[in-house]
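Chemist: I'd like to ask you about the structure that follows.
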Amino acid sequence: MADPTTVEAMTNTTPNSCVDVHCDCNTMWSFAQQFGYLRLSTATGDFKSKLIEDYEVRARRIAATYARFYLEQEDGSDLAKKGRFYWMALGAFASKTVACTIAAWQVQVQATLLSRKTLDGLGKGNFWLFQDISGWHYYYAKYSSTFETCLDSRDATQYAKPVLAQMNKLPWKAEALPKINNLKVSKEIKQGFALVKQIEGQSDTTKRPPLQLKHLLAIADHEQGVILQPLIYADPGFSRWIGVQRWPLIHSMSPKLELVFSSACSIDKSELKSVAPDDTKLEDFESRMKWIGEAAKDFHKLMQKQAAYMEGELRTMAGWVDMPDKK
């Protein structure tokens with residue numbers, strides 16, 4: 001950012017005294033938004049930074065951030081509450097999958113010889129989902145005491161001027177923000193974070209998993225229905241190229257439609273991945289959510305029965321947080 005968000009307050013003449021500074025909700029959401037930008041940027045000095053250009057590197061940094069939120073490694077973290085941000089663990093594997101798909105030779109060849117619709121759609125969806133979802137989690141983790149007070153106030157058009165100026169420079173901003181309602185709260189976000197609070201307050205380890213799964217599915221509904229469906233899947237150009245990949249000859253050469261529960265792009269063990277049914281139409285919300293629901297159950301089962309393995313993979317992905325740009 002060119003300048004950090006600042007708040008002014010009147011001082012006094014009493015040595016070693018304190019003056020309270022009160023930030024309004026727009027300022028607090030501006031701080032949260034600044035986090036989303038800086039995490040995908042490289043510092044260049046003097047409070048300045050440059051957005052990472054490579055889509056794959058962005059996706060891996062996003063996966064790292066999601067993993068870090070789940071593992072309670074971000075600002076405001078509390079290891080005693082690990083597991084409250086359950087969607088973030090699944091989100092880490094999902095963003096890693098986006099990174100792998102972006103890097104796949106089939107997508108790169110298509111972008112070079114035919115159309116960039118698939119490549120740019122993946123980059124756009126992943127980037128703006130992160131700008132949305134990281135803000136909710138950052139605010140809740142760091143300033144949970146005022147989260148509910150400011151929950152209904154998030155509005156990307158009302159941020160502090162330095163943050164607005166930077167937002168105006170972000171890729172796809174003009175088309176993206178109107179489609180995702182300027183990052184305003186949804187009923188799914190309210191439900192998801194109400195469940196976060198329930199998870200935090202539940203000391204019975206047998207009762208936490210059902211709450212975690214409900215939370216995950218609520219955030220998934222927001223992610224897929226409120227953000228990604230209007231932003232990329234409703235785009236005729238993107239959905240057309242996604243459909244082309246189901247053509248028999250093209251399908252045989254397309255990247256596999258699967259969610260691999262590993263830090264690696266592929267794995268042989270069938271129990272560590274969720275493969276989409278053959279009739280899945282990614283651009284169709286209902287069809288896509290049917291698979292995502294099954295993938296969520298597979299993920300949930302692994303998190304309960306192979307927690308050490310899953311968290312080990314998440315820690316590996318968390319290490320990508322400072323991955324350098326390729327460009």
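Labeling convention for the structure tokens: chains A, B, ... as they appear, residues from 1 per chain, ligands from 1 in order of appearance.
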Excluding Phe261 of chain A and any residue of its chain fewer than 3 positions from it, enumerate the residues within 10 Å of it, using only C-alpha atoms, and give them as number ranges by chain.
Modeler: A: 90, 92-94, 96-97, 258, 264-267, 269, 271-274, 295, 298-299, 302, 309-310, 313-314
Chemist: Identify, on the basis of only C-alpha atoms, every residue whose closest approach to Gln110 of chain A does not exceed 12 Å; exclude the query and any residue fewer than 4 positions from it along the same chain; express the result as JSON, numbers by chain.
Modeler: {"A": [102, 103, 104, 105, 106, 114, 115, 116, 117, 118, 119, 120, 241, 242, 244, 245, 250, 253, 254, 255]}
Chemist: What parts of segment 11-163 of chain A does DSSP call strand (DSSP E)? I'd like the answer as a PyMOL selection string.
Modeler: chain A and resi 41-45+48-51
Chemist: Emit the selected residues as a compact mmCIF listing (two decimals), in the first residue's frame, including all heavy atoms.
Modeler:
```
# COMPACT_ATOMS: atom_id res chain seq x y z
N SER A 41 1.32 -9.74 -1.89
CA SER A 41 2.21 -8.71 -2.41
C SER A 41 3.64 -8.92 -1.90
O SER A 41 3.87 -9.64 -0.93
CB SER A 41 1.74 -7.32 -1.97
OG SER A 41 0.41 -7.09 -2.39
N THR A 42 4.55 -8.27 -2.59
CA THR A 42 5.96 -8.26 -2.18
C THR A 42 6.31 -6.85 -1.75
O THR A 42 6.07 -5.88 -2.48
CB THR A 42 6.87 -8.67 -3.35
OG1 THR A 42 6.50 -9.99 -3.78
CG2 THR A 42 8.33 -8.68 -2.92
N ALA A 43 6.87 -6.71 -0.56
CA ALA A 43 7.24 -5.39 -0.05
C ALA A 43 8.37 -4.81 -0.88
O ALA A 43 9.33 -5.49 -1.24
CB ALA A 43 7.67 -5.50 1.41
N THR A 44 8.23 -3.51 -1.20
CA THR A 44 9.26 -2.82 -1.98
C THR A 44 9.88 -1.68 -1.19
O THR A 44 10.68 -0.92 -1.73
CB THR A 44 8.67 -2.28 -3.30
OG1 THR A 44 7.58 -1.39 -3.00
CG2 THR A 44 8.17 -3.41 -4.19
N GLY A 45 9.50 -1.53 0.09
CA GLY A 45 10.08 -0.50 0.94
C GLY A 45 9.21 0.73 1.05
O GLY A 45 8.34 0.99 0.21
N LYS A 48 5.46 0.55 0.75
CA LYS A 48 4.99 0.24 -0.60
C LYS A 48 5.16 -1.25 -0.86
O LYS A 48 6.02 -1.90 -0.30
CB LYS A 48 5.75 1.06 -1.64
CG LYS A 48 5.51 2.56 -1.54
CD LYS A 48 6.27 3.31 -2.62
CE LYS A 48 6.02 4.81 -2.53
NZ LYS A 48 6.76 5.56 -3.57
N SER A 49 4.32 -1.75 -1.74
CA SER A 49 4.40 -3.16 -2.09
C SER A 49 3.86 -3.37 -3.50
O SER A 49 3.13 -2.52 -4.03
CB SER A 49 3.62 -4.02 -1.09
OG SER A 49 2.28 -3.57 -1.00
N LYS A 50 4.21 -4.50 -4.07
CA LYS A 50 3.82 -4.81 -5.45
C LYS A 50 3.06 -6.13 -5.46
O LYS A 50 3.52 -7.12 -4.89
CB LYS A 50 5.06 -4.91 -6.34
CG LYS A 50 4.79 -5.20 -7.81
CD LYS A 50 6.10 -5.21 -8.58
CE LYS A 50 5.84 -5.42 -10.08
NZ LYS A 50 5.27 -6.75 -10.37
N LEU A 51 1.89 -6.12 -6.08
CA LEU A 51 1.07 -7.32 -6.16
C LEU A 51 1.79 -8.41 -6.96
O LEU A 51 2.35 -8.15 -8.02
CB LEU A 51 -0.27 -7.00 -6.84
CG LEU A 51 -1.29 -8.15 -6.93
CD1 LEU A 51 -1.79 -8.52 -5.54
CD2 LEU A 51 -2.46 -7.76 -7.84
```
Chemist: Using only C-alpha atoms, I'd like a table of the residues in segment 164-218 of chain A that come within 7 Å of segment 222-226 of chain A; for each, show the closest atom pair and its distance in Å rounded to one decimal, ordered by chain and ascending number, as JSON lines.
Modeler:
```
{"residue": "A:Ile180", "atom": "CA", "partner": "A:Val226", "partner_atom": "CA", "distance": 6.5}
{"residue": "A:Glu188", "atom": "CA", "partner": "A:His222", "partner_atom": "CA", "distance": 5.4}
{"residue": "A:Ile189", "atom": "CA", "partner": "A:His222", "partner_atom": "CA", "distance": 6.6}
{"residue": "A:Ala218", "atom": "CA", "partner": "A:His222", "partner_atom": "CA", "distance": 6.5}
```
Chemist: Find the distance between atom CA of Ala307 of chain A and atom CA of Tyr70 of chain A and write it in Å to one decimal.
Modeler: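 Going from atom CA of Ala307 of chain A over to atom CA of Tyr70 of chain A, I get 12.7 Å.
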Chemist: Mind listing the helix (DSSP H, G or I) residues of segment 158-225 of chain A, per DSSP on the backbone, as a ChimeraX atom specification?
Modeler: /A:158,161-167,173-179,181-183,187-201,208-225
Chemist: Could you name the residues that touch Gly125 of chain A at 7 Å or less, counting only C-alpha atoms, but leaving out those on the same chain fewer than 4 positions away, as a VMD selection string?
Modeler: chain A and resid 121 129 228 231 to 232
Chemist: Quick one: residues within 9 Å of Leu216 of chain A, only C-alpha atoms, excluding same-chain residues fewer than 4 positions away - as a list of chain:residue names?
Modeler: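 What passes the distance filter is A:Phe85, A:Tyr86, A:Trp87, A:Met88, A:Leu90, A:Gly192, A:Leu211, A:Gln212, A:Ala220, A:Asp221, A:Ala296.
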Chemist: Keeping only all heavy atoms, take the residues you just selected and write them out as a short mmCIF file (atom, residue, chain, number, x, y, z; two decimals), in the first residue's frame.
Modeler:
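Generated file (part-v7.cif):
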```
data_model
loop_
_atom_site.label_atom_id
_atom_site.label_comp_id
_atom_site.auth_asym_id
_atom_site.auth_seq_id
_atom_site.Cartn_x
_atom_site.Cartn_y
_atom_site.Cartn_z
N PHE A 85 -11.83 -22.46 12.69
CA PHE A 85 -11.88 -22.03 11.29
C PHE A 85 -11.74 -23.25 10.38
O PHE A 85 -10.77 -23.41 9.65
CB PHE A 85 -10.77 -21.01 11.01
CG PHE A 85 -10.85 -19.76 11.83
CD1 PHE A 85 -9.72 -19.18 12.37
CD2 PHE A 85 -12.07 -19.14 12.07
CE1 PHE A 85 -9.78 -18.01 13.11
CE2 PHE A 85 -12.16 -17.97 12.81
CZ PHE A 85 -11.00 -17.40 13.34
N TYR A 86 -12.72 -24.11 10.46
CA TYR A 86 -12.65 -25.43 9.82
C TYR A 86 -12.65 -25.35 8.29
O TYR A 86 -11.94 -26.09 7.62
CB TYR A 86 -13.82 -26.28 10.31
CG TYR A 86 -13.66 -27.77 10.16
CD1 TYR A 86 -12.59 -28.44 10.74
CD2 TYR A 86 -14.63 -28.51 9.49
CE1 TYR A 86 -12.48 -29.82 10.63
CE2 TYR A 86 -14.53 -29.89 9.39
CZ TYR A 86 -13.45 -30.54 9.96
OH TYR A 86 -13.35 -31.91 9.85
N TRP A 87 -13.45 -24.42 7.74
CA TRP A 87 -13.48 -24.28 6.28
C TRP A 87 -12.10 -23.96 5.75
O TRP A 87 -11.74 -24.38 4.65
CB TRP A 87 -14.46 -23.18 5.85
CG TRP A 87 -14.48 -23.00 4.36
CD1 TRP A 87 -15.29 -23.63 3.45
CD2 TRP A 87 -13.61 -22.16 3.58
NE1 TRP A 87 -14.99 -23.23 2.17
CE2 TRP A 87 -13.96 -22.32 2.22
CE3 TRP A 87 -12.58 -21.28 3.90
CZ2 TRP A 87 -13.32 -21.64 1.19
CZ3 TRP A 87 -11.92 -20.60 2.87
CH2 TRP A 87 -12.30 -20.78 1.53
N MET A 88 -11.32 -23.21 6.51
CA MET A 88 -10.01 -22.79 6.06
C MET A 88 -9.10 -23.98 5.74
O MET A 88 -8.25 -23.90 4.84
CB MET A 88 -9.34 -21.89 7.10
CG MET A 88 -9.89 -20.47 7.11
SD MET A 88 -9.52 -19.64 5.54
CE MET A 88 -9.73 -17.92 5.97
N LEU A 90 -10.10 -26.96 4.56
CA LEU A 90 -10.53 -27.44 3.24
C LEU A 90 -10.16 -26.42 2.16
O LEU A 90 -9.73 -26.79 1.06
CB LEU A 90 -12.04 -27.68 3.23
CG LEU A 90 -12.63 -28.18 1.90
CD1 LEU A 90 -12.00 -29.49 1.48
CD2 LEU A 90 -14.15 -28.31 2.01
N GLY A 192 -22.09 -19.09 9.28
CA GLY A 192 -20.79 -19.70 9.45
C GLY A 192 -20.06 -19.21 10.68
O GLY A 192 -19.45 -19.99 11.42
N LEU A 211 -20.55 -29.58 14.54
CA LEU A 211 -20.58 -28.12 14.39
C LEU A 211 -19.58 -27.67 13.33
O LEU A 211 -19.86 -26.75 12.55
CB LEU A 211 -20.26 -27.46 15.73
CG LEU A 211 -21.29 -27.63 16.86
CD1 LEU A 211 -20.74 -27.06 18.16
CD2 LEU A 211 -22.61 -26.98 16.49
N GLN A 212 -18.41 -28.30 13.32
CA GLN A 212 -17.39 -27.94 12.33
C GLN A 212 -17.88 -28.21 10.92
O GLN A 212 -17.66 -27.39 10.01
CB GLN A 212 -16.10 -28.72 12.61
CG GLN A 212 -15.37 -28.26 13.86
CD GLN A 212 -14.19 -29.16 14.19
OE1 GLN A 212 -14.31 -30.39 14.20
NE2 GLN A 212 -13.04 -28.56 14.46
N ALA A 220 -18.95 -22.82 2.61
CA ALA A 220 -18.88 -23.33 1.24
C ALA A 220 -20.03 -22.78 0.40
O ALA A 220 -19.86 -22.46 -0.79
CB ALA A 220 -18.89 -24.86 1.23
N ASP A 221 -21.22 -22.68 0.99
CA ASP A 221 -22.36 -22.11 0.27
C ASP A 221 -22.08 -20.65 -0.09
O ASP A 221 -22.43 -20.19 -1.19
CB ASP A 221 -23.62 -22.19 1.13
CG ASP A 221 -24.26 -23.57 1.11
OD1 ASP A 221 -23.97 -24.34 0.18
OD2 ASP A 221 -25.03 -23.89 2.03
N ALA A 296 -16.65 -32.56 0.91
CA ALA A 296 -16.61 -32.07 2.29
C ALA A 296 -16.72 -33.23 3.28
O ALA A 296 -16.04 -33.25 4.32
CB ALA A 296 -17.73 -31.07 2.52
#
```
Chemist: Give me, as a PyMOL selection string, all polymer residues having an atom no more than 12 Å from Arg39 of chain A, counting only C-alpha atoms and skipping those fewer than 6 positions away in the same chain.
Modeler: chain A and resi 1+32-33+49-52+57-66+68+74+127+130-131+134-135+138+320-324
Chemist: Taking only C-alpha atoms into account, name the residue in A:Leu38, A:Ala80, A:Met303, A:Val107 that is nearest to Lys256 of chain A.
Modeler: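 Closest residue, counting only C-alpha atoms: A:Val107.
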Chemist: I'd like the neighbourhood of Phe193 of chain A as a PyMOL selection string, where a residue qualifies if any of its atoms comes within 12 Å (using only C-alpha atoms), though same-chain residues fewer than 3 positions away should be ignored.
Modeler: chain A and resi 84-87+133+136-137+139-141+144+147-148+151+185-190+196-200+211-212+214-219+222
Chemist: Write out, as a short mmCIF file (atom, residue, chain, number, x, y, z; two decimals), in the first residue's frame, the residues just selected, with C-alpha atoms.
Modeler:
```cif
data_model
loop_
_atom_site.label_atom_id
_atom_site.label_comp_id
_atom_site.auth_asym_id
_atom_site.auth_seq_id
_atom_site.Cartn_x
_atom_site.Cartn_y
_atom_site.Cartn_z
CA ARG A 84 -12.80 -23.16 14.83
CA PHE A 85 -11.88 -22.03 11.29
CA TYR A 86 -12.65 -25.43 9.82
CA TRP A 87 -13.48 -24.28 6.28
CA ILE A 133 -13.03 -14.64 2.82
CA TRP A 136 -14.01 -12.07 7.61
CA HIS A 137 -11.51 -14.41 9.23
CA TYR A 139 -11.36 -9.45 11.57
CA TYR A 140 -12.85 -12.23 13.69
CA ALA A 141 -9.45 -13.60 14.75
CA SER A 144 -13.59 -10.67 17.81
CA PHE A 147 -16.96 -8.48 15.00
CA GLU A 148 -20.71 -8.73 15.47
CA LEU A 151 -20.60 -7.54 10.73
CA VAL A 185 -22.11 -9.81 4.45
CA SER A 186 -24.28 -12.74 3.39
CA LYS A 187 -26.61 -14.92 5.45
CA GLU A 188 -24.15 -17.77 4.92
CA ILE A 189 -21.30 -15.77 6.49
CA LYS A 190 -23.51 -14.93 9.47
CA VAL A 196 -17.42 -20.54 14.85
CA LYS A 197 -18.53 -19.10 18.18
CA GLN A 198 -20.34 -22.34 19.03
CA ILE A 199 -17.23 -24.36 18.18
CA GLU A 200 -15.14 -22.14 20.43
CA LEU A 211 -20.58 -28.12 14.39
CA GLN A 212 -17.39 -27.94 12.33
CA LYS A 214 -22.06 -27.35 9.56
CA HIS A 215 -19.70 -24.37 9.63
CA LEU A 216 -17.74 -25.70 6.66
CA LEU A 217 -20.88 -26.21 4.58
CA ALA A 218 -22.22 -22.73 5.42
CA ILE A 219 -18.97 -21.07 4.31
CA HIS A 222 -21.09 -18.52 0.54
#
```
Chemist: Using only C-alpha atoms, which of A:Lys326, A:Tyr37, A:Asp75, A:Pro277 sits nearest Tyr143 of chain A?
Modeler: A:Asp75
